[in-house]
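Participant: This structure is in structure tokens; I'll ask about it shortly.
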Amino acid sequence: MHRVAPLVCLGLVAHVQADDVVEMITDRPSITASSTTVPQGGLQAEGGTQASNSAGQWTLDAPELLLRYGLLSKTELRLLVPNYFLTLPAGGSNPHGFSDLGFAVEQELGPIGDFELAVIPSISLPTGARAVSSGGYDPGLQLPWSRALSADWEAAGQVAVYWPTQNGSRNSTKELTVMLDRQLRAGWDIFFEYAADVPQHGGSRQILHLGTTYLLSPRHQLDLHVGFGLTPAAPTSFVGVGYSYLCLGQ
């Protein structure tokens, strides 16, 4: 894998000087999106798998693949690859299949004072399986932010609104997240996050989320995370693992 990836990388990304100082920052595994973009000409792949428990029924999903390409110094293109969902036990009437394809653009607006700020407009297309797809063209808008509190602590979060299609009509959903990140040592972080989705129709989904990220090297990251639902509409619990790779060429 490590020998093949750089060869693919050379064909996909622009040249980045070897002496450039690059800090790998991922969206994974938090719900809060990163408020900074990948380096211009770089390609970052973030993926993983998750198991979710909703009142005793488990759902598995993978590969949770997000591709991020640095188009300009503060602008990135984002491709959300369809995710496969499998509700256990498999078969019968339990939903399964691929989700919808998604596109987004992230534009950094900061720094503004001590805050990093970005805007991410997005849209998903109804390409997924009937049991999983919304069946509509669903827009969304995220405003992630972050602020360093000290050398080891950072606060972050986002406000967002989504317009998913449900039962043939829009169900406008507002989202708020707040997160604290603590660096234990260079390349190893833990985070604590609260997230709430409040749809126009239906109960709110509120969760408590915590996890860790570890850099195997400056361009390879592993992550582990768990979450617990705080409201009846939220999943009872979930657990996931992931891997991210930053490709800058040679």
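Starting from 1 in every chain, residues are counted up; chains themselves are A, B, ... following the order of the structure tokens, and ligands are numbered from 1 as listed.
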Sort by chain and increasing residue number a table of all residues of segment 94-180 of chain A within 10 Å of segment 55-72 of chain A, each with its closest pair of atoms and their distance in Å to one decimal, counting only C-alpha atoms, and write it as JSON lines.
Facilitator:
{"residue": "A:Asn94", "atom": "CA", "partner": "A:Thr59", "partner_atom": "CA", "distance": 9.7}
{"residue": "A:Pro95", "atom": "CA", "partner": "A:Thr59", "partner_atom": "CA", "distance": 9.1}
{"residue": "A:His96", "atom": "CA", "partner": "A:Thr59", "partner_atom": "CA", "distance": 9.0}
{"residue": "A:Gly97", "atom": "CA", "partner": "A:Asp61", "partner_atom": "CA", "distance": 9.5}
{"residue": "A:Phe98", "atom": "CA", "partner": "A:Asp61", "partner_atom": "CA", "distance": 9.2}
{"residue": "A:Ser99", "atom": "CA", "partner": "A:Asp61", "partner_atom": "CA", "distance": 9.8}
{"residue": "A:Gly102", "atom": "CA", "partner": "A:Leu66", "partner_atom": "CA", "distance": 9.3}
{"residue": "A:Phe103", "atom": "CA", "partner": "A:Leu66", "partner_atom": "CA", "distance": 9.8}
{"residue": "A:Ala104", "atom": "CA", "partner": "A:Arg68", "partner_atom": "CA", "distance": 9.4}
{"residue": "A:Val105", "atom": "CA", "partner": "A:Arg68", "partner_atom": "CA", "distance": 9.2}
{"residue": "A:Glu106", "atom": "CA", "partner": "A:Arg68", "partner_atom": "CA", "distance": 9.3}
{"residue": "A:Gln107", "atom": "CA", "partner": "A:Leu72", "partner_atom": "CA", "distance": 9.3}
Participant: Which residues are near Ile25 of chain A? Cut-off 8 Å, only C-alpha atoms, ignore same chain within fewer than 3 positions. Put them as a PyMOL selection string.
Facilitator: chain A and resi 34+36+38
Participant: Applying 12 Å and only C-alpha atoms, which residues near segment 115-130 of chain A remain after dropping the ones on its own chain fewer than 6 positions away? List them as a VMD selection string.
Facilitator: chain A and resid 32 to 37 74 to 86 95 to 109 136 to 149 154 to 165
Participant: Which polymer residues have any atom within 9 Å of an atom of Ser244 of chain A, counting only C-alpha atoms, with same-chain residues fewer than 5 positions away left out, as a PyMOL selection string?
Facilitator: chain A and resi 26+28+44-48+219-223
Participant: Save out the residues we just selected, C-alpha atoms, as a compact mmCIF listing (two decimals), in the first residue's frame.
Facilitator:
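Result written to part02.txt:
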# COMPACT_ATOMS: atom_id res chain seq x y z
CA THR A 26 -8.39 15.94 9.04
CA ARG A 28 -12.06 12.60 10.87
CA GLN A 44 -6.06 14.00 1.24
CA ALA A 45 -8.07 10.77 1.57
CA GLU A 46 -9.95 10.11 4.82
CA GLY A 47 -11.85 6.87 5.39
CA GLY A 48 -12.99 4.35 7.96
CA ARG A 219 1.16 12.00 6.22
CA HIS A 220 -0.48 8.94 7.81
CA GLN A 221 -3.09 9.15 10.58
CA LEU A 222 -5.10 6.56 12.51
CA ASP A 223 -8.24 7.39 14.49
Participant: State, in Å with one decimal place, the distance from atom CA of Thr173 of chain A to atom CA of Ser204 of chain A.
Facilitator: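 Separating atom CA of Thr173 of chain A from atom CA of Ser204 of chain A is a distance of 9.3 Å.
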Participant: Could you please determine the separation between atom CA of Ala131 of chain A and atom CA of Lys174 of chain A in Å, to one decimal place?
Facilitator: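 Taking atom CA of Ala131 of chain A and atom CA of Lys174 of chain A, their separation equals 23.9 Å.
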Participant: Using only C-alpha atoms for the distances, tell me which of A:Val239, A:Leu246, A:Val198, A:Ala234 is nearest to Thr212 of chain A.
Facilitator: A:Val239
Participant: I'd like the contact shell of Ile207 of chain A - 9 Å cut-off, only C-alpha atoms, skipping same-chain residues fewer than 3 positions apart - returned as a PyMOL selection string.
Facilitator: chain A and resi 193-196+227-231+234-237
Participant: Write down as a ChimeraX atom specification the residues belonging to segment 25-174 of chain A that are assigned strand (DSSP E) by DSSP computed on the backbone.
Facilitator: /A:43-54,57-62,66-72,75-80,84-87,96-98,101-108,115-125,138-148,153-162,165-166,169-170,173-174
Participant: Select from segment 1-247 of chain A everything DSSP, run on the backbone, classes as helix (DSSP H, G or I), then give the selection as a VMD selection string.
Facilitator: chain A and resid 4 to 12
Participant: Write to file, as a compact mmCIF listing (two decimals), in the first residue's frame, the residues of the selection just made, with C-alpha atoms.
Facilitator:
# COMPACT_ATOMS: atom_id res chain seq x y z
CA VAL A 4 1.65 2.19 -4.53
CA ALA A 5 0.09 5.29 -2.96
CA PRO A 6 2.98 7.68 -3.76
CA LEU A 7 2.95 6.53 -7.41
CA VAL A 8 -0.77 7.32 -7.69
CA CYS A 9 -0.13 10.56 -5.85
CA LEU A 10 2.42 11.72 -8.42
CA GLY A 11 -0.16 11.45 -11.17
CA LEU A 12 -2.91 13.30 -9.29
Participant: For a quick check of understanding, using only C-alpha atoms, which of A:Phe238, A:Tyr214, A:Tyr245, A:Trp153 has the smallest distance to Asp181 of chain A?
Facilitator: A:Trp153
Participant: So how far away is atom CA of Gln183 of chain A from atom CA of Leu210 of chain A, in Å?
Facilitator: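 Taking atom CA of Leu210 of chain A and atom CA of Gln183 of chain A, their separation equals 13.7 Å.
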